[in-house]
Structures are given as C-alpha cells and as structure tokens.
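The next block is my_file.txt, given as compact mmCIF, C-alpha atoms and all ligand atoms.
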# COMPACT_ATOMS: atom_id res chain seq x y z
CA MET S 21 -105.40 155.89 -35.44
CA THR S 22 -105.71 158.57 -32.78
CA ASP S 23 -107.15 157.99 -29.33
CA SER S 24 -110.21 160.08 -30.11
CA GLU S 25 -110.86 158.19 -33.34
CA LEU S 26 -110.66 154.90 -31.46
CA LYS S 27 -113.19 156.12 -28.84
CA GLN S 28 -115.54 157.26 -31.58
CA ARG S 29 -115.40 153.82 -33.25
CA HIS S 30 -116.06 152.06 -29.91
CA ALA S 31 -119.01 154.36 -29.27
CA GLN S 32 -120.43 153.64 -32.73
CA SER S 33 -120.02 149.88 -32.42
CA SER S 34 -121.58 149.79 -28.96
CA THR S 35 -124.55 151.87 -30.18
CA SER S 36 -125.05 149.52 -33.12
CA THR S 37 -124.79 146.43 -30.84
CA ASN S 38 -127.42 147.92 -28.49
CA GLY S 39 -129.55 148.81 -31.52
CA ASP S 40 -129.37 145.22 -32.87
CA ALA S 41 -130.38 143.79 -29.50
CA ALA S 42 -133.32 146.19 -29.25
CA THR S 43 -134.42 145.33 -32.77
CA LYS S 44 -134.22 141.59 -32.02
CA THR S 45 -136.23 141.99 -28.80
CA SER S 46 -138.95 143.99 -30.50
CA ALA S 47 -139.08 141.49 -33.39
CA ARG S 48 -139.46 138.64 -30.88
CA GLN S 49 -142.22 140.56 -29.07
CA SER S 50 -144.11 141.30 -32.26
CA ALA S 51 -143.77 137.65 -33.39
CA ARG S 52 -145.22 136.56 -30.02
CA VAL S 53 -148.11 139.05 -30.36
CA SER S 54 -148.90 137.99 -33.94
CA SER S 55 -148.74 134.28 -33.08
CA SER S 56 -151.07 134.80 -30.11
CA SER S 57 -153.51 136.84 -32.24
CA ARG S 58 -153.37 134.05 -34.84
CA GLY S 59 -154.18 131.58 -32.06
CA ASN S 60 -157.12 133.76 -30.94
CA ARG S 61 -158.42 133.95 -34.47
CA ARG S 62 -158.19 130.17 -34.83
CA ALA S 63 -160.06 129.66 -31.55
CA TRP S 64 -162.81 132.02 -32.76
CA TRP S 65 -163.16 130.13 -36.02
CA ALA S 66 -163.35 126.84 -34.11
CA ILE S 67 -166.21 128.25 -31.98
CA VAL S 68 -168.05 129.62 -35.03
CA ALA S 69 -167.61 126.29 -36.89
CA ARG S 70 -168.90 124.35 -33.86
CA ILE S 71 -171.99 126.61 -33.61
CA VAL S 72 -172.71 126.28 -37.35
CA VAL S 73 -172.33 122.47 -37.27
CA THR S 74 -174.57 122.21 -34.19
CA LEU S 75 -177.28 124.43 -35.74
CA LEU S 76 -177.09 122.46 -38.99
CA GLY S 77 -177.39 119.16 -37.11
CA LEU S 78 -180.40 120.48 -35.14
CA SER S 79 -182.02 121.74 -38.34
CA VAL S 80 -181.56 118.35 -40.07
CA CYS S 81 -183.03 116.50 -37.03
CA MET S 82 -186.02 118.90 -36.81
CA SER S 83 -186.55 118.68 -40.57
CA TYR S 84 -186.59 114.86 -40.40
CA LEU S 85 -189.09 114.94 -37.55
CA ILE S 86 -191.41 117.41 -39.26
CA THR S 87 -191.03 116.82 -43.02
CA GLU S 88 -189.24 113.43 -43.16
CA THR S 89 -186.66 115.09 -45.39
CA ALA S 90 -183.22 116.38 -44.42
CA PHE S 91 -183.58 119.94 -45.77
CA TRP S 92 -187.19 120.96 -45.14
CA GLY S 93 -188.44 119.39 -48.35
CA TYR S 94 -185.79 121.05 -50.52
CA SER S 95 -184.20 118.63 -52.95
CA SER S 96 -181.80 119.24 -55.81
CA LYS S 97 -178.46 117.94 -56.92
CA TRP S 98 -176.94 119.89 -54.01
CA THR S 99 -178.71 117.66 -51.48
CA ASN S 100 -177.20 114.53 -53.06
CA TRP S 101 -173.90 113.59 -51.40
CA ARG S 102 -172.79 111.84 -54.60
CA ASN S 103 -172.34 115.24 -56.20
CA TYR S 104 -169.68 116.12 -53.64
CA VAL S 105 -167.52 113.07 -54.40
CA PRO S 106 -164.87 114.16 -56.88
CA ARG S 107 -165.00 111.77 -59.81
CA GLN S 108 -163.14 111.57 -63.04
CA GLN S 109 -165.47 112.21 -65.96
CA ARG S 110 -165.39 109.27 -68.37
CA VAL S 111 -165.36 109.61 -72.13
CA PHE S 112 -167.69 107.05 -73.72
CA THR S 113 -167.87 105.90 -77.28
CA GLN S 114 -171.42 105.49 -78.58
CA LEU S 115 -170.89 101.73 -78.57
CA GLU S 116 -169.84 101.75 -74.88
CA LEU S 117 -172.82 103.92 -74.02
CA SER S 118 -175.18 101.54 -75.81
CA GLN S 119 -174.19 98.76 -73.40
CA HIS S 120 -175.73 100.81 -70.57
CA ASP S 121 -179.31 100.57 -71.81
CA GLY S 122 -180.46 98.30 -68.99
CA SER S 123 -180.10 95.02 -70.88
CA ASN S 124 -177.24 94.16 -68.54
CA ALA S 125 -178.55 94.76 -65.03
CA ASN S 126 -175.00 94.75 -63.64
CA LEU S 127 -174.13 97.93 -65.52
CA PRO S 128 -175.39 101.37 -64.52
CA LEU S 129 -178.27 102.69 -66.60
CA LEU S 130 -177.07 105.70 -68.60
CA LEU S 131 -178.48 108.24 -70.98
CA ALA S 132 -176.93 111.17 -72.79
CA ILE S 133 -178.20 114.54 -73.85
CA GLU S 134 -176.20 117.07 -75.89
CA GLY S 135 -173.16 114.87 -75.34
CA ASP S 136 -173.32 114.76 -71.52
CA VAL S 137 -173.77 111.33 -69.95
CA TYR S 138 -175.93 110.86 -66.82
CA ASP S 139 -176.27 107.88 -64.54
CA VAL S 140 -180.05 107.42 -64.30
CA SER S 141 -179.95 104.04 -62.51
CA SER S 142 -182.27 105.39 -59.83
CA GLY S 143 -184.83 106.03 -62.59
CA TRP S 144 -184.95 102.35 -63.62
CA GLY S 145 -188.75 102.54 -63.60
CA PHE S 146 -188.61 105.24 -66.30
CA TYR S 147 -185.66 104.08 -68.42
CA GLY S 148 -185.21 100.36 -67.70
CA PRO S 149 -186.12 97.76 -70.36
CA GLY S 150 -189.86 97.70 -71.08
CA SER S 151 -190.58 101.05 -69.40
CA SER S 152 -192.06 104.17 -71.04
CA TYR S 153 -188.78 105.97 -71.67
CA SER S 154 -186.42 103.04 -72.22
CA LEU S 155 -185.68 104.39 -75.70
CA PHE S 156 -183.62 107.18 -74.11
CA ALA S 157 -181.31 104.73 -72.32
CA GLY S 158 -177.86 103.92 -73.69
CA ARG S 159 -177.84 106.69 -76.27
CA ASP S 160 -177.92 110.41 -76.95
CA ALA S 161 -181.44 111.01 -78.28
CA SER S 162 -181.35 114.79 -77.95
CA ARG S 163 -183.58 115.21 -81.01
CA ALA S 164 -186.45 113.29 -79.43
CA PHE S 165 -186.16 115.43 -76.27
CA GLY S 166 -186.70 118.46 -78.52
CA THR S 167 -189.39 117.08 -80.84
CA ASN S 168 -191.26 115.06 -78.15
CA CYS S 169 -191.22 112.23 -80.64
CA LEU S 170 -191.17 108.84 -78.97
CA SER S 171 -192.52 106.87 -81.91
CA ARG S 172 -189.86 107.34 -84.61
CA SER S 173 -186.45 105.74 -84.30
CA ASP S 174 -184.88 108.38 -86.57
CA HIS S 175 -185.57 110.95 -83.83
CA LEU S 176 -183.47 108.94 -81.37
CA THR S 177 -180.35 110.75 -82.47
CA HIS S 178 -178.04 113.61 -81.50
CA ASP S 179 -178.73 115.14 -84.93
CA THR S 180 -180.53 118.40 -84.17
CA ARG S 181 -180.46 119.87 -87.67
CA GLY S 182 -183.63 121.62 -88.77
CA LEU S 183 -185.15 121.96 -85.28
CA SER S 184 -187.06 125.11 -84.37
CA GLU S 185 -185.96 127.51 -81.62
CA LYS S 186 -188.69 126.07 -79.41
CA GLU S 187 -187.53 122.50 -79.99
CA LEU S 188 -183.91 123.45 -79.28
CA ALA S 189 -185.07 125.19 -76.09
CA GLY S 190 -186.89 121.95 -75.19
CA ILE S 191 -183.61 120.04 -75.41
CA LYS S 192 -181.88 122.66 -73.24
CA SER S 193 -184.66 122.40 -70.70
CA TRP S 194 -184.29 118.59 -70.46
CA HIS S 195 -180.53 118.97 -70.23
CA HIS S 196 -181.04 121.35 -67.32
CA TYR S 197 -183.46 118.83 -65.79
CA PHE S 198 -180.88 116.02 -65.81
CA ASP S 199 -178.12 118.34 -64.67
CA ASN S 200 -180.06 119.49 -61.63
CA HIS S 201 -181.82 116.24 -60.78
CA GLN S 202 -181.45 115.16 -57.18
CA GLN S 203 -180.64 111.54 -58.04
CA TYR S 204 -179.03 111.60 -61.47
CA VAL S 205 -175.33 112.35 -61.68
CA LYS S 206 -173.28 113.44 -64.66
CA ILE S 207 -170.54 110.88 -65.09
CA GLY S 208 -168.95 111.84 -68.38
CA VAL S 209 -169.39 112.68 -72.02
CA VAL S 210 -169.99 110.69 -75.17
CA GLN S 211 -168.00 111.09 -78.34
CA LEU S 212 -170.74 111.63 -80.89
CA SER S 213 -170.16 110.71 -84.50
CA PRO S 214 -170.20 113.75 -86.80
CA ILE S 215 -173.44 114.26 -88.70
CA ASP S 216 -173.10 113.89 -92.45
CA PRO S 217 -174.44 117.19 -93.84
CA ALA S 218 -175.66 115.29 -96.92
CA ALA S 219 -177.78 112.89 -94.81
CA PRO S 220 -181.52 113.63 -94.92
CA ILE S 221 -182.97 115.52 -91.94
CA PRO S 222 -185.45 113.30 -90.03
CA PRO S 223 -188.97 114.34 -91.04
CA PRO S 224 -191.24 115.91 -88.41
CA CYS S 225 -193.04 113.53 -86.10
CA GLU S 226 -196.75 113.25 -86.82
CA ASP S 227 -197.73 111.96 -83.40
CA ALA S 228 -195.38 113.97 -81.18
CA LYS S 229 -196.92 114.20 -77.75
CA PRO S 230 -196.30 117.37 -75.77
CA ARG S 231 -195.03 116.53 -72.33
CA PRO S 232 -197.67 117.43 -69.71
CA LYS S 233 -196.76 120.47 -67.59
C1 LIG S 301 -199.05 112.01 -73.37
C2 LIG S 301 -197.89 112.49 -73.07
C3 LIG S 301 -197.11 112.22 -71.82
C4 LIG S 301 -197.55 111.89 -70.58
C5 LIG S 301 -198.98 111.69 -70.09
C6 LIG S 301 -196.37 111.76 -69.71
C7 LIG S 301 -196.40 111.45 -68.38
C8 LIG S 301 -195.30 111.36 -67.58
C9 LIG S 301 -195.33 111.12 -66.15
C10 LIG S 301 -196.59 110.97 -65.30
C11 LIG S 301 -194.06 111.07 -65.72
C12 LIG S 301 -193.59 110.82 -64.29
C13 LIG S 301 -193.26 112.14 -63.67
C14 LIG S 301 -192.71 112.02 -62.29
O1 LIG S 301 -192.96 111.06 -61.58
O2 LIG S 301 -191.95 112.94 -61.91
C15 LIG S 301 -193.21 111.27 -66.86
C16 LIG S 301 -191.85 111.26 -66.82
C17 LIG S 301 -191.05 111.49 -67.91
N1 LIG S 301 -191.46 111.90 -69.15
FE1 LIG S 301 -193.35 111.90 -69.83
N2 LIG S 301 -195.28 112.02 -70.47
C18 LIG S 301 -195.67 112.31 -71.73
C19 LIG S 301 -194.88 112.64 -72.81
C20 LIG S 301 -193.52 112.66 -72.78
C21 LIG S 301 -192.70 112.96 -73.92
C22 LIG S 301 -193.18 113.32 -75.30
C23 LIG S 301 -191.39 112.88 -73.48
C24 LIG S 301 -190.19 113.09 -74.32
C25 LIG S 301 -189.55 114.17 -74.40
C26 LIG S 301 -191.42 112.53 -72.08
C27 LIG S 301 -190.32 112.34 -71.30
C28 LIG S 301 -190.36 111.98 -69.98
C29 LIG S 301 -189.18 111.63 -69.22
C30 LIG S 301 -187.74 111.62 -69.72
C31 LIG S 301 -189.60 111.32 -67.93
C32 LIG S 301 -188.76 110.82 -66.77
C33 LIG S 301 -188.30 111.97 -65.91
C34 LIG S 301 -187.31 111.50 -64.85
O3 LIG S 301 -186.34 110.77 -65.17
O4 LIG S 301 -187.47 111.94 -63.69
N3 LIG S 301 -192.73 112.41 -71.69
N4 LIG S 301 -193.98 111.45 -67.97
Represent the structure contained in this file as structure tokens.
Amino acid sequence: MTDSELKQRHAQSSTSTNGDAATKTSARQSARVSSSSRGNRRAWWAIVARIVVTLLGLSVCMSYLITETAFWGYSSKWTNWRNYVPRQQRVFTQLELSQHDGSNANLPLLLAIEGDVYDVSSGWGFYGPGSSYSLFAGRDASRAFGTNCLSRSDHLTHDTRGLSEKELAGIKSWHHYFDNHQQYVKIGVVQLSPIDPAAPIPPPCEDAKPRPK
C-alpha cells in the first residue's frame, strides 16, 4: 500500500468516525426532545382529566341538590354502575331458570325474553310471588309479551309461531325495555328447547289486555 493510499484510508475512517459521533449526538438530542414532548403531552392530559373530573363532580353535586338524582333526572342502564362491572354471561337451562321465579327468596329473581336472561330482583313488586306479573318470572314467556295475554298458560312460552308483525314488534319493544332498564341487568342466556313444528300453535287470547301507554 502506498503512502497516499494509506492517507486516503485514514481520512475516510476519521470522516466516518466523526460522522458516527454526530449521528449519535443528534439521535440523543432528538430522543430527549421527543421524550420531553411526550412528558408535556402527558401533563396536558392530566390537566384536562382533572378539569373533566372536577366538572363532573360539581355537576353530580348540583344535580343532587336540585333534582335529587345524579344526572339531572336522566336514568338509563348507563347510569347504573352494575352495567360497568364486567361479568361473565351465564348459560341457563330452562330448569335452572325456573328456580329463579321468586319462590326461593335467596336466589335472584330472573326473567327471560327472546332467550336473554335479566336479573329483575329490583322489580320484586312486579314479578315476585303473588304480584301482577309473577308469571313472567323464571321463564321465557316471549309469546305473552307479544300477545298481551296474561290469562293463558300456553302463552307463557318462547314459541312465537303464528304471531303477527305487530305482536312480534311488541316482543322486540319489551326486549328493548329490559335491555335499557336502569335497574335490570342482563346476566346471561337461556337454552330454549326447540319447538316441535307439529305441536299446535297456541290459540289467540280472548281477553288479551293492551298495555296502557
Ligand atoms: C289493563 C291492562 C294493564 C294495566 C292497567 C297495567 C298497568 C301497569 C302499571 C300501572 C304498571 C307499573 C308501571 C310503572 O310503575 O312503571 C305496569 C307494569 C308492567 N306491566 Fe302492565 N298493565 C296492563 C297490562 C299489561 C299487559 C297485558 C302486560 C303484558 C305484556 C303488562 C306487562 C307489564 C310489565 C312487565 C310491567 C313491569 C315493568 C317493569 O318491570 O318495570 N301489563 N303495568
């Protein structure tokens, strides 16, 4: 290797060493800048969160003072803390569900509609033993929700064959009611026995009472 070649190599290696150092320094600087901007962003979010929580707290206090409710009279399933507790949905057999009809006061009071099971314990006055709607407890009586028939036991079934569009819409509307109720919580589903297509369709209810608006 000639002298001039050697010098050239030295020059190249020193340039690349200087270049590496410069690259490292600028990388360090940009890491510092991005970590400080991340810190700033976090601080901003903390301030915003604190303001939101304070305003929410003030609103709840004012609402309690004025309306005696937490959210200015608004109530739905979203104002029930139980709906924010993640829970595993249970799969009931019809026999298991039937044990939740209020005859055992130690068990939650349950009813089902279109296969979804709701805990209606807070509606004991409606569904508990001896009350007006106790026949809905411990079972899926979707048909009766559609036909408004409270007097015939063959309407206390999940068999919805032969129902009119209006009656089916009635069932949907009740399902929506339970799903959005402030106190009732969906806790699972019920495995419904298949309907035998050869079984007779329950006859219409003579004394079906339309639910008052
Ligand atoms: C003459 C007819 C009827 C009258 C006068 C009547 C009256 C009432 C009244 C006053 C309530 C309490 C409402 C409340 O406090 O929010 C109620 C609740 C209820 N009604 Fe009727 N009702 C009638 C027919 C029916 C029929 C045919 C059904 C069946 C689909 C039905 C299903 C229910 C249910 C499930 C509840 C309880 C709602 C809950 O859990 O919050 N009602 N009814």
Selection: 12 Å around Pro128 (chain S), only C-alpha atoms, excl. self and same-chain fewer than 2 positions, as a list in words: Glu116, Leu117, Ser118, Gln119, His120, Asp121, Gly122, Ser123, Asn124, Ala125, Asn126, Leu130, Leu131, Val137, Tyr138, Asp139, Val140, Ser141, Ser142, Gly143, Trp144, Tyr147, Gly148, Ala157, Gly158, Tyr204, Val205 and Ile207 of chain S
Find the residues around region 180-196 of chain S up to 7 Å (only C-alpha atoms counted), leave out those fewer than 4 positions away in its own chain, and share them as a PyMOL selection string. chain S and resi 133+162-163+165-167+200+221
Please enclose the listed atoms of ligand LIG 301 (chain S) in an axis-aligned box, pad each side by 8 Å, and write out the centre and the three edge lengths in Å, rounded to one decimal, as AutoDock Vina command-line options.
--center_x -192.7 --center_y 112.5 --center_z -68.4 --size_x 28.7 --size_y 19.4 --size_z 29.7
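Note that CA of Lys97 (chain S) and CA of Gly135 (chain S) are 19.4 Å apart.
CA of Tyr104 (chain S) is found 18.5 Å from CA of Gly77 (chain S).
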Of the residues S:Arg102, S:Arg70, S:Lys206, S:His201, which is the one nearest to ligand LIG 301 (chain S), using all atoms listed in the file?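 Between S:Arg102, S:Arg70, S:Lys206, S:His201, the residue approaching ligand LIG 301 (chain S) most closely is S:His201.
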Provide the CA of Val105 (chain S) to CA of Gln202 (chain S) distance in Å, to one decimal place.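 Distance between the two atoms: 14.4 Å.
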Within-12 Å shell of (-182.3, 122.7, -43.9) in input frame, all atoms listed in the file, as a PDB file with C-alpha atoms, in the coordinates of the input:
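Writing the result to result.pdb gives the following:
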ATOM      1  CA  VAL S  73    -172.330 122.470 -37.270  1.00  0.00           C
ATOM      2  CA  LEU S  75    -177.280 124.430 -35.740  1.00  0.00           C
ATOM      3  CA  LEU S  76    -177.090 122.460 -38.990  1.00  0.00           C
ATOM      4  CA  GLY S  77    -177.390 119.160 -37.110  1.00  0.00           C
ATOM      5  CA  LEU S  78    -180.400 120.480 -35.140  1.00  0.00           C
ATOM      6  CA  SER S  79    -182.020 121.740 -38.340  1.00  0.00           C
ATOM      7  CA  VAL S  80    -181.560 118.350 -40.070  1.00  0.00           C
ATOM      8  CA  CYS S  81    -183.030 116.500 -37.030  1.00  0.00           C
ATOM      9  CA  MET S  82    -186.020 118.900 -36.810  1.00  0.00           C
ATOM     10  CA  SER S  83    -186.550 118.680 -40.570  1.00  0.00           C
ATOM     11  CA  TYR S  84    -186.590 114.860 -40.400  1.00  0.00           C
ATOM     12  CA  ILE S  86    -191.410 117.410 -39.260  1.00  0.00           C
ATOM     13  CA  THR S  87    -191.030 116.820 -43.020  1.00  0.00           C
ATOM     14  CA  GLU S  88    -189.240 113.430 -43.160  1.00  0.00           C
ATOM     15  CA  THR S  89    -186.660 115.090 -45.390  1.00  0.00           C
ATOM     16  CA  ALA S  90    -183.220 116.380 -44.420  1.00  0.00           C
ATOM     17  CA  PHE S  91    -183.580 119.940 -45.770  1.00  0.00           C
ATOM     18  CA  TRP S  92    -187.190 120.960 -45.140  1.00  0.00           C
ATOM     19  CA  GLY S  93    -188.440 119.390 -48.350  1.00  0.00           C
ATOM     20  CA  TYR S  94    -185.790 121.050 -50.520  1.00  0.00           C
ATOM     21  CA  SER S  95    -184.200 118.630 -52.950  1.00  0.00           C
ATOM     22  CA  TRP S  98    -176.940 119.890 -54.010  1.00  0.00           C
ATOM     23  CA  THR S  99    -178.710 117.660 -51.480  1.00  0.00           C
TER      24      THR S  99
END
Show me the residues close to (-166.4, 110.6, -66.7) - anything with an atom within 9 Å, counting all atoms listed in the file - and format the list as a short mmCIF file (atom, residue, chain, number, x, y, z; two decimals) with C-alpha atoms, keeping the file's coordinate frame.
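As written to disk, result-v9.cif reads:
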data_model
loop_
_atom_site.label_atom_id
_atom_site.label_comp_id
_atom_site.auth_asym_id
_atom_site.auth_seq_id
_atom_site.Cartn_x
_atom_site.Cartn_y
_atom_site.Cartn_z
CA ARG S 107 -165.00 111.77 -59.81
CA GLN S 108 -163.14 111.57 -63.04
CA GLN S 109 -165.47 112.21 -65.96
CA ARG S 110 -165.39 109.27 -68.37
CA VAL S 111 -165.36 109.61 -72.13
CA PHE S 112 -167.69 107.05 -73.72
CA VAL S 137 -173.77 111.33 -69.95
CA LYS S 206 -173.28 113.44 -64.66
CA ILE S 207 -170.54 110.88 -65.09
CA GLY S 208 -168.95 111.84 -68.38
CA VAL S 209 -169.39 112.68 -72.02
#
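Among S:Trp64, S:Val72, S:Asn168, S:Gly59, the residue with the shortest atom-to-atom distance to ligand LIG 301 (chain S), counting only C-alpha atoms and all ligand atoms, is S:Asn168.
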Using all atoms listed in the file: which of S:Asp216, S:Val210, S:Glu226, S:Phe156 has the shortest distance to ligand LIG 301 (chain S):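 For ligand LIG 301 (chain S), the nearest of the candidates is S:Phe156.
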Could region 50-70 of chain S be completed with N, CA and C atoms and returned as a PDB file, in the coordinates of the input?
ATOM      1  N   SER S  50    -143.023 141.201 -31.276  1.00  0.00           N
ATOM      2  CA  SER S  50    -144.110 141.300 -32.260  1.00  0.00           C
ATOM      3  C   SER S  50    -144.461 139.934 -32.823  1.00  0.00           C
ATOM      4  N   ALA S  51    -143.458 139.014 -32.921  1.00  0.00           N
ATOM      5  CA  ALA S  51    -143.770 137.650 -33.390  1.00  0.00           C
ATOM      6  C   ALA S  51    -144.683 136.961 -32.393  1.00  0.00           C
ATOM      7  N   ARG S  52    -144.374 137.193 -31.044  1.00  0.00           N
ATOM      8  CA  ARG S  52    -145.220 136.560 -30.020  1.00  0.00           C
ATOM      9  C   ARG S  52    -146.660 137.084 -30.118  1.00  0.00           C
ATOM     10  N   VAL S  53    -146.772 138.448 -30.280  1.00  0.00           N
ATOM     11  CA  VAL S  53    -148.110 139.050 -30.360  1.00  0.00           C
ATOM     12  C   VAL S  53    -148.867 138.502 -31.579  1.00  0.00           C
ATOM     13  N   SER S  54    -148.145 138.440 -32.751  1.00  0.00           N
ATOM     14  CA  SER S  54    -148.900 137.990 -33.940  1.00  0.00           C
ATOM     15  C   SER S  54    -149.260 136.527 -33.838  1.00  0.00           C
ATOM     16  N   SER S  55    -148.360 135.704 -33.181  1.00  0.00           N
ATOM     17  CA  SER S  55    -148.740 134.280 -33.080  1.00  0.00           C
ATOM     18  C   SER S  55    -149.888 134.109 -32.105  1.00  0.00           C
ATOM     19  N   SER S  56    -149.940 134.968 -31.034  1.00  0.00           N
ATOM     20  CA  SER S  56    -151.070 134.800 -30.110  1.00  0.00           C
ATOM     21  C   SER S  56    -152.366 135.306 -30.748  1.00  0.00           C
ATOM     22  N   SER S  57    -152.261 136.375 -31.602  1.00  0.00           N
ATOM     23  CA  SER S  57    -153.510 136.840 -32.240  1.00  0.00           C
ATOM     24  C   SER S  57    -153.969 135.827 -33.293  1.00  0.00           C
ATOM     25  N   ARG S  58    -152.988 135.121 -33.901  1.00  0.00           N
ATOM     26  CA  ARG S  58    -153.370 134.050 -34.840  1.00  0.00           C
ATOM     27  C   ARG S  58    -154.094 132.939 -34.090  1.00  0.00           C
ATOM     28  N   GLY S  59    -153.558 132.612 -32.905  1.00  0.00           N
ATOM     29  CA  GLY S  59    -154.180 131.580 -32.060  1.00  0.00           C
ATOM     30  C   GLY S  59    -155.597 131.967 -31.688  1.00  0.00           C
ATOM     31  N   ASN S  60    -155.768 133.271 -31.305  1.00  0.00           N
ATOM     32  CA  ASN S  60    -157.120 133.760 -30.940  1.00  0.00           C
ATOM     33  C   ASN S  60    -158.081 133.611 -32.106  1.00  0.00           C
ATOM     34  N   ARG S  61    -157.561 134.022 -33.290  1.00  0.00           N
ATOM     35  CA  ARG S  61    -158.420 133.950 -34.470  1.00  0.00           C
ATOM     36  C   ARG S  61    -158.849 132.507 -34.737  1.00  0.00           C
ATOM     37  N   ARG S  62    -157.879 131.573 -34.578  1.00  0.00           N
ATOM     38  CA  ARG S  62    -158.190 130.170 -34.830  1.00  0.00           C
ATOM     39  C   ARG S  62    -159.247 129.672 -33.844  1.00  0.00           C
ATOM     40  N   ALA S  63    -159.096 130.097 -32.569  1.00  0.00           N
ATOM     41  CA  ALA S  63    -160.060 129.660 -31.550  1.00  0.00           C
ATOM     42  C   ALA S  63    -161.455 130.175 -31.889  1.00  0.00           C
ATOM     43  N   TRP S  64    -161.512 131.442 -32.382  1.00  0.00           N
ATOM     44  CA  TRP S  64    -162.810 132.020 -32.760  1.00  0.00           C
ATOM     45  C   TRP S  64    -163.460 131.216 -33.886  1.00  0.00           C
ATOM     46  N   TRP S  65    -162.629 130.889 -34.876  1.00  0.00           N
ATOM     47  CA  TRP S  65    -163.160 130.130 -36.020  1.00  0.00           C
ATOM     48  C   TRP S  65    -163.669 128.769 -35.568  1.00  0.00           C
ATOM     49  N   ALA S  66    -162.926 128.165 -34.611  1.00  0.00           N
ATOM     50  CA  ALA S  66    -163.350 126.840 -34.110  1.00  0.00           C
ATOM     51  C   ALA S  66    -164.716 126.961 -33.440  1.00  0.00           C
ATOM     52  N   ILE S  67    -164.916 128.063 -32.662  1.00  0.00           N
ATOM     53  CA  ILE S  67    -166.210 128.250 -31.980  1.00  0.00           C
ATOM     54  C   ILE S  67    -167.315 128.452 -33.010  1.00  0.00           C
ATOM     55  N   VAL S  68    -167.043 129.340 -33.993  1.00  0.00           N
ATOM     56  CA  VAL S  68    -168.050 129.620 -35.030  1.00  0.00           C
ATOM     57  C   VAL S  68    -168.403 128.323 -35.777  1.00  0.00           C
ATOM     58  N   ALA S  69    -167.360 127.534 -36.147  1.00  0.00           N
ATOM     59  CA  ALA S  69    -167.610 126.290 -36.890  1.00  0.00           C
ATOM     60  C   ALA S  69    -168.445 125.341 -36.048  1.00  0.00           C
ATOM     61  N   ARG S  70    -168.145 125.263 -34.733  1.00  0.00           N
ATOM     62  CA  ARG S  70    -168.900 124.350 -33.860  1.00  0.00           C
ATOM     63  C   ARG S  70    -170.374 124.782 -33.796  1.00  0.00           C
TER      64      ARG S  70
END
